[in-house]
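> So here's query_10.txt, just compact mmCIF, C-alpha atoms:
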```txt
# COMPACT_ATOMS: atom_id res chain seq x y z
CA MET A 1 132.27 117.36 -16.11
CA SER A 2 129.02 118.22 -17.84
CA VAL A 3 128.68 118.05 -21.63
CA ILE A 4 128.37 121.84 -21.61
CA GLU A 5 131.73 122.25 -19.86
CA GLU A 6 133.20 119.64 -22.15
CA LEU A 7 132.15 121.49 -25.32
CA ALA A 8 133.28 124.82 -23.85
CA GLY A 9 136.64 123.19 -23.12
CA GLU A 10 137.01 121.94 -26.70
CA LEU A 11 136.11 125.38 -28.05
CA THR A 12 138.74 127.15 -25.91
CA ARG A 13 141.38 125.03 -27.68
CA LEU A 14 140.61 127.02 -30.84
CA PRO A 15 142.64 130.17 -31.57
CA GLY A 16 141.14 133.39 -30.24
CA ILE A 17 138.41 131.69 -28.22
CA GLY A 18 138.59 132.21 -24.47
CA PRO A 19 136.25 130.72 -21.84
CA LYS A 20 133.73 133.56 -22.10
CA THR A 21 133.42 133.31 -25.88
CA ALA A 22 133.31 129.51 -25.64
CA TYR A 23 130.33 129.61 -23.29
CA ARG A 24 128.58 132.18 -25.47
CA LEU A 25 129.00 129.81 -28.42
CA VAL A 26 127.79 126.81 -26.42
CA TYR A 27 124.70 128.68 -25.28
CA HIS A 28 124.06 129.82 -28.82
CA LEU A 29 124.21 126.22 -30.04
CA MET A 30 121.89 125.08 -27.24
CA LYS A 31 119.35 127.83 -27.84
CA GLY A 32 119.16 127.38 -31.60
CA PRO A 33 117.56 124.54 -33.56
CA PRO A 34 119.37 121.24 -32.84
CA ASP A 35 119.80 120.74 -36.58
CA ASP A 36 121.99 123.85 -36.83
CA ALA A 37 124.40 122.46 -34.27
CA ARG A 38 124.35 119.02 -35.89
CA ARG A 39 125.11 120.57 -39.27
CA LEU A 40 128.16 122.26 -37.76
CA ALA A 41 129.36 118.96 -36.27
CA ARG A 42 128.86 117.18 -39.62
CA ALA A 43 130.76 119.97 -41.46
CA ILE A 44 133.70 119.51 -39.09
CA ASP A 45 133.65 115.75 -39.68
CA ARG A 46 133.58 116.20 -43.43
CA VAL A 47 136.53 118.58 -43.43
CA VAL A 48 138.58 116.13 -41.36
CA GLU A 49 137.62 113.22 -43.61
CA ARG A 50 138.05 114.86 -46.99
CA VAL A 51 140.61 117.63 -46.81
CA ARG A 52 144.20 116.58 -47.42
CA ALA A 53 147.47 118.08 -48.66
CA CYS A 54 147.87 118.64 -52.41
CA GLY A 55 150.27 116.01 -53.75
CA ARG A 56 152.36 118.65 -55.47
CA CYS A 57 152.36 121.83 -53.39
CA GLY A 58 150.93 120.89 -49.99
CA ASN A 59 147.95 123.28 -50.20
CA PHE A 60 144.65 122.06 -48.75
CA THR A 61 142.45 120.20 -51.21
CA GLU A 62 139.78 117.54 -51.53
CA GLN A 63 141.38 116.16 -54.71
CA ALA A 64 144.80 114.70 -55.52
CA LEU A 65 145.90 118.14 -56.71
CA CYS A 66 144.71 121.48 -55.33
CA GLU A 67 142.73 124.00 -57.39
CA VAL A 68 145.82 126.06 -58.13
CA CYS A 69 148.00 123.14 -59.27
CA ALA A 70 145.13 121.67 -61.31
CA ASN A 71 144.51 124.97 -63.13
CA PRO A 72 146.34 124.89 -66.51
CA ARG A 73 146.12 128.69 -66.76
CA ARG A 74 148.38 129.24 -63.77
CA ASP A 75 151.93 130.27 -64.62
CA ALA A 76 154.10 127.24 -63.81
CA SER A 77 157.30 129.24 -64.20
CA VAL A 78 156.80 131.00 -60.84
CA VAL A 79 156.52 129.23 -57.47
CA CYS A 80 155.63 131.14 -54.32
CA VAL A 81 156.95 129.41 -51.19
CA VAL A 82 154.83 129.92 -48.07
CA GLU A 83 154.92 128.54 -44.56
CA GLU A 84 151.35 127.32 -44.25
CA ALA A 85 148.40 126.49 -46.48
CA THR A 86 146.59 129.41 -44.84
CA ASP A 87 149.17 131.68 -46.46
CA VAL A 88 148.13 130.35 -49.89
CA ALA A 89 144.60 131.54 -49.16
CA ALA A 90 145.94 134.95 -48.08
CA VAL A 91 147.90 135.43 -51.33
CA GLU A 92 145.01 134.09 -53.44
CA ARG A 93 142.64 136.60 -51.88
CA THR A 94 144.72 139.43 -53.36
CA GLY A 95 143.81 138.16 -56.83
CA GLY A 96 147.18 139.48 -58.00
CA TYR A 97 149.23 136.32 -58.27
CA GLY A 98 149.03 133.88 -61.16
CA GLY A 99 151.81 131.41 -60.35
CA LEU A 100 151.95 128.22 -58.30
CA TYR A 101 152.71 127.61 -54.64
CA HIS A 102 154.75 125.41 -52.38
CA VAL A 103 153.76 124.97 -48.72
CA LEU A 104 156.69 124.33 -46.36
CA GLY A 105 154.54 123.26 -43.43
CA GLY A 106 156.31 125.66 -41.04
CA ARG A 107 159.63 127.49 -40.77
CA LEU A 108 163.08 126.60 -39.54
CA SER A 109 163.17 126.76 -35.77
CA PRO A 110 166.05 124.72 -34.30
CA LEU A 111 164.92 125.43 -30.73
CA ASP A 112 161.59 123.74 -31.47
CA GLY A 113 163.35 120.87 -33.25
CA VAL A 114 162.28 122.06 -36.71
CA GLY A 115 165.18 121.56 -39.13
CA PRO A 116 165.12 121.40 -42.95
CA GLU A 117 164.08 117.71 -42.81
CA GLN A 118 160.88 118.60 -40.93
CA LEU A 119 159.79 120.95 -43.72
CA ASN A 120 158.72 120.22 -47.31
CA ILE A 121 162.00 121.52 -48.69
CA GLU A 122 163.28 118.42 -50.49
CA SER A 123 160.00 118.15 -52.40
CA LEU A 124 160.40 121.81 -53.46
CA LEU A 125 163.96 121.23 -54.73
CA GLU A 126 162.79 118.08 -56.51
CA ARG A 127 159.94 120.05 -58.17
CA ILE A 128 162.45 122.60 -59.45
CA ARG A 129 164.90 119.95 -60.65
CA SER A 130 162.31 117.83 -62.42
CA ALA A 131 160.88 120.92 -64.19
CA SER A 132 164.32 121.15 -65.91
CA GLY A 133 164.48 124.92 -66.11
CA ALA A 134 160.75 125.60 -66.46
CA VAL A 135 160.66 127.16 -62.95
CA ARG A 136 162.26 130.53 -63.59
CA GLU A 137 161.46 132.29 -60.31
CA VAL A 138 160.89 131.24 -56.72
CA ILE A 139 159.27 133.89 -54.54
CA VAL A 140 160.10 133.26 -50.90
CA ALA A 141 157.10 134.47 -48.90
CA THR A 142 158.01 133.21 -45.44
CA SER A 143 156.98 135.36 -42.51
CA ALA A 144 158.86 138.49 -41.52
CA SER A 145 160.10 136.99 -38.24
CA VAL A 146 163.62 135.89 -37.31
CA GLU A 147 162.77 132.25 -38.11
CA GLY A 148 161.06 133.27 -41.35
CA GLU A 149 164.20 135.20 -42.35
CA ALA A 150 166.46 132.26 -41.51
CA THR A 151 164.21 129.96 -43.56
CA ALA A 152 164.35 132.38 -46.50
CA ILE A 153 168.17 132.54 -46.39
CA TYR A 154 168.42 128.74 -46.19
CA LEU A 155 166.04 128.33 -49.16
CA GLU A 156 167.92 130.90 -51.22
CA LYS A 157 171.18 128.95 -50.75
CA ARG A 158 169.57 125.68 -51.78
CA ILE A 159 167.49 127.00 -54.71
CA ARG A 160 169.86 129.39 -56.49
CA PRO A 161 172.29 126.62 -57.62
CA LEU A 162 169.35 124.95 -59.37
CA GLY A 163 168.85 127.92 -61.69
CA PRO A 164 165.71 129.97 -60.78
CA ARG A 165 165.78 133.57 -59.63
CA VAL A 166 165.04 133.70 -55.92
CA THR A 167 163.06 136.76 -54.82
CA ARG A 168 161.26 137.76 -51.68
CA LEU A 169 158.33 139.95 -50.72
CA ALA A 170 159.06 143.65 -50.34
CA ARG A 171 159.32 145.11 -46.85
CA GLY A 172 157.77 148.46 -46.13
CA ILE A 173 154.94 150.44 -44.64
CA PRO A 174 151.65 148.48 -44.68
CA VAL A 175 148.97 150.13 -46.80
CA GLY A 176 146.75 152.38 -44.72
CA SER A 177 149.22 152.73 -41.84
CA GLU A 178 150.11 156.02 -40.26
CA LEU A 179 153.86 156.39 -39.95
CA GLU A 180 153.50 157.30 -36.29
CA TYR A 181 152.28 153.79 -35.45
CA VAL A 182 154.71 151.78 -37.60
CA ASP A 183 157.63 150.23 -35.72
CA GLY A 184 161.15 151.47 -36.27
CA SER A 185 162.57 148.43 -38.02
CA THR A 186 159.74 148.49 -40.60
CA ILE A 187 160.45 152.18 -41.27
CA ALA A 188 164.16 151.37 -41.62
CA GLU A 189 163.33 148.64 -44.17
CA ALA A 190 161.00 151.00 -46.01
CA LEU A 191 163.72 153.64 -46.18
CA ALA A 192 166.30 151.15 -47.43
CA GLY A 193 163.85 149.89 -50.07
CA ARG A 194 162.61 153.35 -51.14
CA ARG A 195 161.66 153.77 -54.80
CA GLU A 196 161.70 156.59 -57.34
CA MET A 197 158.28 158.24 -57.74
CA MET B 1 130.96 124.47 -52.55
CA SER B 2 133.99 122.82 -50.97
CA VAL B 3 133.78 121.26 -47.52
CA ILE B 4 136.09 124.03 -46.31
CA GLU B 5 133.69 126.75 -47.48
CA GLU B 6 130.82 124.76 -46.04
CA LEU B 7 132.39 124.59 -42.57
CA ALA B 8 133.40 128.26 -42.73
CA GLY B 9 129.78 129.05 -43.62
CA GLU B 10 128.45 127.11 -40.63
CA LEU B 11 130.91 128.86 -38.33
CA THR B 12 129.90 132.34 -39.50
CA ARG B 13 126.39 131.56 -38.25
CA LEU B 14 127.79 131.65 -34.72
CA PRO B 15 127.74 134.96 -32.82
CA GLY B 16 130.87 137.07 -33.14
CA ILE B 17 132.41 134.93 -35.87
CA GLY B 18 132.93 136.65 -39.20
CA PRO B 19 134.31 135.11 -42.40
CA LYS B 20 137.94 135.82 -41.48
CA THR B 21 137.69 134.23 -38.05
CA ALA B 22 135.75 131.33 -39.55
CA TYR B 23 138.52 130.55 -42.02
CA ARG B 24 141.14 130.87 -39.28
CA LEU B 25 139.22 128.30 -37.25
CA VAL B 26 138.79 125.97 -40.24
CA TYR B 27 142.51 126.11 -41.00
CA HIS B 28 143.30 125.50 -37.37
CA LEU B 29 141.11 122.40 -37.38
CA MET B 30 142.69 121.14 -40.61
CA LYS B 31 146.25 121.72 -39.39
CA GLY B 32 145.79 120.07 -36.01
CA PRO B 33 145.39 116.36 -35.26
CA PRO B 34 142.16 115.04 -36.86
CA ASP B 35 141.15 113.64 -33.46
CA ASP B 36 141.00 117.16 -31.99
CA ALA B 37 138.49 118.21 -34.65
CA ARG B 38 136.49 115.00 -34.22
CA ARG B 39 136.37 115.52 -30.47
CA LEU B 40 134.89 118.97 -31.03
CA ALA B 41 132.27 117.55 -33.41
CA ARG B 42 131.38 114.83 -30.87
CA ALA B 43 131.13 117.40 -28.05
CA ILE B 44 128.65 119.43 -30.14
CA ASP B 45 126.60 116.28 -30.81
CA ARG B 46 126.53 115.35 -27.14
CA VAL B 47 125.35 118.82 -26.07
CA VAL B 48 122.54 118.68 -28.62
CA GLU B 49 121.53 115.18 -27.53
CA ARG B 50 121.72 115.58 -23.78
CA VAL B 51 121.09 119.19 -22.79
CA ARG B 52 117.47 120.14 -22.23
CA ALA B 53 115.43 122.65 -20.25
CA CYS B 54 115.00 122.07 -16.50
CA GLY B 55 111.44 120.89 -15.91
CA ARG B 56 110.91 123.48 -13.21
CA CYS B 57 112.85 126.63 -14.09
CA GLY B 58 113.89 126.25 -17.73
CA ASN B 59 117.64 126.43 -17.03
CA PHE B 60 119.91 124.17 -19.12
CA THR B 61 120.49 120.74 -17.64
CA GLU B 62 121.26 117.12 -18.49
CA GLN B 63 118.83 115.90 -15.80
CA ALA B 64 115.11 116.32 -15.22
CA LEU B 65 115.91 119.20 -12.84
CA CYS B 66 118.85 121.60 -13.15
CA GLU B 67 121.64 121.79 -10.56
CA VAL B 68 120.08 124.80 -8.87
CA CYS B 69 116.58 123.34 -8.56
CA ALA B 70 117.98 119.98 -7.43
CA ASN B 71 120.08 121.57 -4.68
CA PRO B 72 118.14 121.38 -1.35
CA ARG B 73 120.33 124.12 0.14
CA ARG B 74 119.05 126.76 -2.26
CA ASP B 75 116.55 129.19 -0.77
CA ALA B 76 113.19 128.28 -2.34
CA SER B 77 111.54 131.43 -1.00
CA VAL B 78 113.26 133.63 -3.59
CA VAL B 79 112.89 133.24 -7.37
CA CYS B 80 115.02 135.28 -9.77
CA VAL B 81 113.31 135.70 -13.16
CA VAL B 82 115.70 135.99 -16.12
CA GLU B 83 115.24 136.14 -19.87
CA GLU B 84 117.63 133.39 -20.91
CA ALA B 85 119.41 130.41 -19.39
CA THR B 86 122.68 132.23 -20.11
CA ASP B 87 121.57 134.83 -17.58
CA VAL B 88 121.35 132.11 -14.93
CA ALA B 89 125.03 131.35 -15.56
CA ALA B 90 125.85 135.08 -15.30
CA VAL B 91 124.12 135.42 -11.92
CA GLU B 92 125.57 132.12 -10.66
CA ARG B 93 129.10 133.30 -11.49
CA THR B 94 128.72 136.13 -8.97
CA GLY B 95 128.43 133.52 -6.24
CA GLY B 96 126.20 135.96 -4.37
CA TYR B 97 122.75 134.52 -4.99
CA GLY B 98 121.30 131.57 -3.08
CA GLY B 99 117.74 131.43 -4.41
CA LEU B 100 116.11 129.71 -7.37
CA TYR B 101 115.52 130.88 -10.94
CA HIS B 102 112.86 131.04 -13.61
CA VAL B 103 113.84 131.37 -17.28
CA LEU B 104 111.31 133.25 -19.42
CA GLY B 105 112.86 132.25 -22.73
CA GLY B 106 112.91 135.85 -24.00
CA ARG B 107 111.15 139.13 -23.32
CA LEU B 108 107.92 140.74 -24.43
CA SER B 109 108.32 142.16 -27.91
CA PRO B 110 104.98 142.61 -29.70
CA LEU B 111 106.70 143.77 -32.89
CA ASP B 112 108.49 140.41 -33.10
CA GLY B 113 105.32 138.53 -32.23
CA VAL B 114 106.45 137.71 -28.68
CA GLY B 115 103.51 138.09 -26.32
CA PRO B 116 103.03 136.66 -22.81
CA GLU B 117 101.94 133.29 -24.27
CA GLN B 118 105.30 132.89 -26.03
CA LEU B 119 107.19 133.19 -22.73
CA ASN B 120 107.31 130.86 -19.72
CA ILE B 121 105.10 133.15 -17.66
CA GLU B 122 102.18 130.83 -16.90
CA SER B 123 104.59 128.23 -15.51
CA LEU B 124 106.09 130.93 -13.26
CA LEU B 125 102.67 131.97 -11.93
CA GLU B 126 101.78 128.31 -11.42
CA ARG B 127 105.04 127.75 -9.51
CA ILE B 128 104.19 130.65 -7.19
CA ARG B 129 100.58 129.53 -6.70
CA SER B 130 101.41 125.89 -6.03
CA ALA B 131 104.07 126.91 -3.47
CA SER B 132 101.13 128.36 -1.46
CA GLY B 133 103.02 131.31 0.02
CA ALA B 134 106.46 129.70 0.22
CA VAL B 135 107.73 132.04 -2.54
CA ARG B 136 108.15 135.30 -0.65
CA GLU B 137 110.12 137.32 -3.19
CA VAL B 138 110.41 137.40 -6.97
CA ILE B 139 113.43 139.31 -8.28
CA VAL B 140 112.77 140.46 -11.84
CA ALA B 141 116.16 140.46 -13.59
CA THR B 142 115.07 141.11 -17.17
CA SER B 143 117.41 143.22 -19.28
CA ALA B 144 117.66 146.99 -18.98
CA SER B 145 116.13 147.58 -22.42
CA VAL B 146 112.71 148.93 -23.34
CA GLU B 147 111.38 145.39 -23.89
CA GLY B 148 113.01 144.16 -20.68
CA GLU B 149 111.31 147.01 -18.80
CA ALA B 150 107.94 146.24 -20.35
CA THR B 151 108.36 142.59 -19.43
CA ALA B 152 109.22 143.54 -15.84
CA ILE B 153 106.15 145.76 -15.53
CA TYR B 154 103.89 143.03 -16.95
CA LEU B 155 105.35 140.45 -14.56
CA GLU B 156 104.94 142.75 -11.58
CA LYS B 157 101.21 143.17 -12.37
CA ARG B 158 100.68 139.42 -12.65
CA ILE B 159 102.82 138.36 -9.67
CA ARG B 160 101.93 140.87 -6.95
CA PRO B 161 98.28 139.68 -6.59
CA LEU B 162 99.66 136.21 -5.78
CA GLY B 163 101.45 137.45 -2.65
CA PRO B 164 105.23 137.68 -3.14
CA ARG B 165 107.24 140.88 -3.00
CA VAL B 166 108.34 141.81 -6.48
CA THR B 167 111.76 143.47 -6.68
CA ARG B 168 114.12 144.31 -9.48
CA LEU B 169 117.87 144.74 -9.92
CA ALA B 170 119.30 148.12 -8.92
CA ARG B 171 120.22 150.56 -11.69
CA GLY B 172 123.39 152.58 -11.37
CA ILE B 173 126.98 153.11 -12.31
CA PRO B 174 128.69 149.82 -13.26
CA VAL B 175 131.59 148.91 -11.00
CA GLY B 176 134.89 150.20 -12.40
CA SER B 177 133.28 152.76 -14.70
CA GLU B 178 134.45 156.34 -14.95
CA LEU B 179 131.52 158.74 -14.73
CA GLU B 180 132.69 160.49 -17.89
CA TYR B 181 131.94 157.42 -19.99
CA VAL B 182 128.62 156.44 -18.42
CA ASP B 183 125.54 157.42 -20.44
CA GLY B 184 123.18 160.05 -19.14
CA SER B 185 120.18 157.85 -18.39
CA THR B 186 122.33 155.54 -16.28
CA ILE B 187 123.61 158.52 -14.29
CA ALA B 188 120.03 159.75 -13.88
CA GLU B 189 119.00 156.33 -12.54
CA ALA B 190 122.03 156.28 -10.24
CA LEU B 191 121.11 159.73 -8.88
CA ALA B 192 117.50 158.74 -8.32
CA GLY B 193 118.61 155.57 -6.53
CA ARG B 194 121.38 157.24 -4.45
CA ARG B 195 121.99 155.82 -1.01
CA GLU B 196 123.17 157.13 2.37
CA MET B 197 126.88 156.44 2.97
```
Rewrite the structure from the file as structure tokens, please.

Amino acid sequence: MSVIEELAGELTRLPGIGPKTAYRLVYHLMKGPPDDARRLARAIDRVVERVRACGRCGNFTEQALCEVCANPRRDASVVCVVEEATDVAAVERTGGYGGLYHVLGGRLSPLDGVGPEQLNIESLLERIRSASGAVREVIVATSASVEGEATAIYLEKRIRPLGPRVTRLARGIPVGSELEYVDGSTIAEALAGRREM
Amino acid sequence: MSVIEELAGELTRLPGIGPKTAYRLVYHLMKGPPDDARRLARAIDRVVERVRACGRCGNFTEQALCEVCANPRRDASVVCVVEEATDVAAVERTGGYGGLYHVLGGRLSPLDGVGPEQLNIESLLERIRSASGAVREVIVATSASVEGEATAIYLEKRIRPLGPRVTRLARGIPVGSELEYVDGSTIAEALAGRREM
């Protein structure tokens, strides 16, 4: 196998990159200045070396605590529980959330061997307990899939006895969608959750 | 700038990768086994170190001569002239061409400062001359753009006096296209080049 095929093979392991795109990327790297390609390789190495999970919430960070946890202006009374660190970035991009996070590292999926022990659930409960009442709300922001739902229900059962309100993201019509193209179950949820204007 | 932003920045320099895709790739690399990411970085390094231009045709290779030039079963009487080494791969994938190649390294584009001296044209003429008549046909496969056309016309003028036939790729309706969606100039070319059934 040539080094070109080898690199194309590695690239197709990435999400959304098929063989055609992989070869286009390889050729781009070969045509450009060698230093550009080397800089990309070094950047990958640095991310692997330096990025780790935040010691408190599991978000990606280069420090012991992530930017959110280390920020004293964040509201420590609200914790948003997400499946992956990528979800933290998605919520942060909205600019509309001022609380903290907790990254589960996945969702309950018994068929794939993912039970509560495989997720960062105990550390979440311990965070709530050791805050002795300072965590007043836990927003469960797991995905809107069957496993995400099951994870949310499981979390609710475990968290509520510890004191905080447990809430979840609203279901409804995505902004900008035409009703015609929204699936039936989303419309049903939107109807059930309708609000006074 | 964090190492995450740095890597995302490097990735957005690649064709077809915007900021959103870049972050998705970065997160994928961070979530997966570190060895996967390191293998990708090493594959990039190896391509940069080992891949170079074929000494005869300019195609990508890890050897002094590329696979096509080194293959004694290829028909040395036909040379297909392409703009980029990626075009060699595109023609090779068809499996329908048995001749050799010559990579120009671009196309004539005076506005961008690309004249004949910036392209591998002298080496092509020298190849034809030194073959003393063994090159019987040169297929000009430059792109179907204004610059590609201008390059083809220039090449034709320089090559014909040396002896070989100079041909170019047929213009017409792409396979699988519906006439309705084909642009007018392509239909005009297809009409002009119509063939007996």
> Put a box with edges along x, y and z around all the listed atoms of region 28-47 of chain A, pad it by 6 Å on each side, then give me its centre and sizes in Å, one decimal, as lines of an AutoDock Vina configuration file.

```
center_x = 127.0
center_y = 122.8
center_z = -35.3
size_x = 31.0
size_y = 26.1
size_z = 28.2
```
> Within 8 Å of chain B, which residues of chain A come that close, and what is the closest atom pair and distance in Å for each? Count all atoms listed in the file and give it as CSV.

```
residue,atom,partner,partner_atom,distance
A:Ser2,CA,B:Glu62,CA,7.9
A:Val3,CA,B:Val47,CA,5.6
A:Ile4,CA,B:Val47,CA,6.2
A:Glu6,CA,B:Ala43,CA,6.6
A:Leu7,CA,B:Ala43,CA,5.0
A:Glu10,CA,B:Leu40,CA,5.7
A:Leu11,CA,B:Leu40,CA,7.2
A:Leu14,CA,B:Leu25,CA,6.7
A:Pro15,CA,B:Leu25,CA,6.9
A:Arg24,CA,B:Pro15,CA,7.9
A:Leu25,CA,B:Leu14,CA,6.7
A:Tyr27,CA,B:Thr86,CA,6.6
A:His28,CA,B:Leu14,CA,7.2
A:Leu29,CA,B:Val48,CA,7.9
A:Met30,CA,B:Val48,CA,6.6
A:Pro34,CA,B:Val48,CA,5.9
A:Ala37,CA,B:Ile44,CA,6.7
A:Arg38,CA,B:Asp45,CA,6.2
A:Arg39,CA,B:Glu10,CA,7.5
A:Leu40,CA,B:Glu10,CA,5.6
A:Ala41,CA,B:Ala41,CA,4.3
A:Arg42,CA,B:Ala41,CA,7.1
A:Ala43,CA,B:Leu7,CA,5.0
A:Ile44,CA,B:Ala41,CA,6.2
A:Asp45,CA,B:Arg38,CA,6.2
A:Arg46,CA,B:Val3,CA,6.5
A:Val47,CA,B:Val3,CA,5.6
A:Val48,CA,B:Pro34,CA,5.9
A:Arg50,CA,B:Val3,CA,7.7
A:Val51,CA,B:Met30,CA,7.4
A:Glu62,CA,B:Ser2,CA,7.9
A:Thr86,CA,B:Tyr27,CA,6.5
```
> What is the distance between CA of Gly18 (chain A) and CA of Gly176 (chain B), in Å to one decimal?
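We find that CA of Gly18 (chain A) and CA of Gly176 (chain B) lie 22.0 Å from each other.
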> Between CA of Ala188 (chain B) and CA of Ile139 (chain B), what is the distance in Å, rounded to a tenth?
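So the answer is 22.2 Å.
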> What gap, in Å, lies between CA of Asn71 (chain A) and CA of Cys57 (chain A)?
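Separating CA of Asn71 (chain A) from CA of Cys57 (chain A) is a distance of 12.9 Å.
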> Considering only C-alpha atoms, return as a PyMOL selection string whatever protein or nucleic-acid residues lie within 8 Å of Gly172 (chain B), sequence-local ones (same chain, fewer than 3 positions apart) excluded.
chain B and resi 186-187+189-191+193
> Selected residues, C-alpha atoms, written as a compact mmCIF listing (two decimals), keeping the file's coordinate frame, please.

```txt
# COMPACT_ATOMS: atom_id res chain seq x y z
CA THR B 186 122.33 155.54 -16.28
CA ILE B 187 123.61 158.52 -14.29
CA GLU B 189 119.00 156.33 -12.54
CA ALA B 190 122.03 156.28 -10.24
CA LEU B 191 121.11 159.73 -8.88
CA GLY B 193 118.61 155.57 -6.53
```
> With all atoms listed in the file as the basis for distance, which of A:Arg129, A:Gly58, A:Gly98, A:Arg168 is at the shortest distance from Arg73 (chain A)?
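Nearest to Arg73 (chain A): A:Gly98.
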> Need to verify the contact set: Tyr101 (chain B), 6 Å, all atoms listed in the file, exclusion of same-chain residues closer than 2 positions in sequence. Can you return it as a list of chain:residue names?
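That gives B:Cys57, B:Val79, B:Cys80, B:Val81.
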> Of the residues A:Val103, A:Val146, A:Val114, A:Ile153, which is the one nearest to Thr167 (chain A), using all atoms listed in the file?
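Comparing A:Val103, A:Val146, A:Val114, A:Ile153 against Thr167 (chain A), the winner is A:Ile153.
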> Counting all atoms listed in the file, which residues come within 10 Å of (120.8, 129.8, -9.1), with the point read in the file's coordinates, and could you list them as a ChimeraX atom specification?
/B:57,59,66-69,71,74-75,79-80,87-93,95-102
> Taking only C-alpha atoms into account, which of A:Ile121, A:Ala170, A:Leu65, A:Val175 comes nearest Glu156 (chain A)?
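Looking only at the distances to Glu156 (chain A), the closest residue turns out to be A:Ile121.
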> Find, counting only C-alpha atoms, the residue in A:Leu125, A:Cys54, A:Ala131, A:Val138 that gets nearest to Arg165 (chain A).
A:Val138
> Could region 99-111 of chain B be completed with N, CA and C atoms and returned as a tab-separated table (two decimals), in the coordinates of the input?

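See out_29.tsv below for the written result:
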```tsv
chain	number	residue	atom	x	y	z
B	99	GLY	N	119.11	131.84	-4.15
B	99	GLY	CA	117.74	131.43	-4.41
B	99	GLY	C	117.60	130.59	-5.67
B	100	LEU	N	116.37	130.48	-6.15
B	100	LEU	CA	116.11	129.71	-7.37
B	100	LEU	C	115.93	130.66	-8.55
B	101	TYR	N	115.68	130.09	-9.73
B	101	TYR	CA	115.52	130.88	-10.94
B	101	TYR	C	114.24	130.52	-11.68
B	102	HIS	N	113.87	131.39	-12.63
B	102	HIS	CA	112.86	131.04	-13.61
B	102	HIS	C	113.26	131.68	-14.94
B	103	VAL	N	113.39	130.87	-15.98
B	103	VAL	CA	113.84	131.37	-17.28
B	103	VAL	C	112.64	131.62	-18.18
B	104	LEU	N	112.47	132.89	-18.60
B	104	LEU	CA	111.31	133.25	-19.42
B	104	LEU	C	111.43	132.73	-20.86
B	105	GLY	N	112.66	132.64	-21.33
B	105	GLY	CA	112.86	132.25	-22.73
B	105	GLY	C	112.75	133.43	-23.68
B	106	GLY	N	112.98	134.64	-23.16
B	106	GLY	CA	112.91	135.85	-24.00
B	106	GLY	C	112.27	136.99	-23.24
B	107	ARG	N	111.83	138.00	-23.97
B	107	ARG	CA	111.15	139.13	-23.32
B	107	ARG	C	110.01	139.57	-24.23
B	108	LEU	N	109.07	140.27	-23.65
B	108	LEU	CA	107.92	140.74	-24.43
B	108	LEU	C	108.40	141.64	-25.57
B	109	SER	N	107.92	141.35	-26.75
B	109	SER	CA	108.32	142.16	-27.91
B	109	SER	C	107.25	142.01	-28.97
B	110	PRO	N	106.15	142.78	-28.81
B	110	PRO	CA	104.98	142.61	-29.70
B	110	PRO	C	105.35	142.71	-31.17
B	111	LEU	N	106.32	143.59	-31.49
B	111	LEU	CA	106.70	143.77	-32.89
B	111	LEU	C	107.29	142.49	-33.48
```
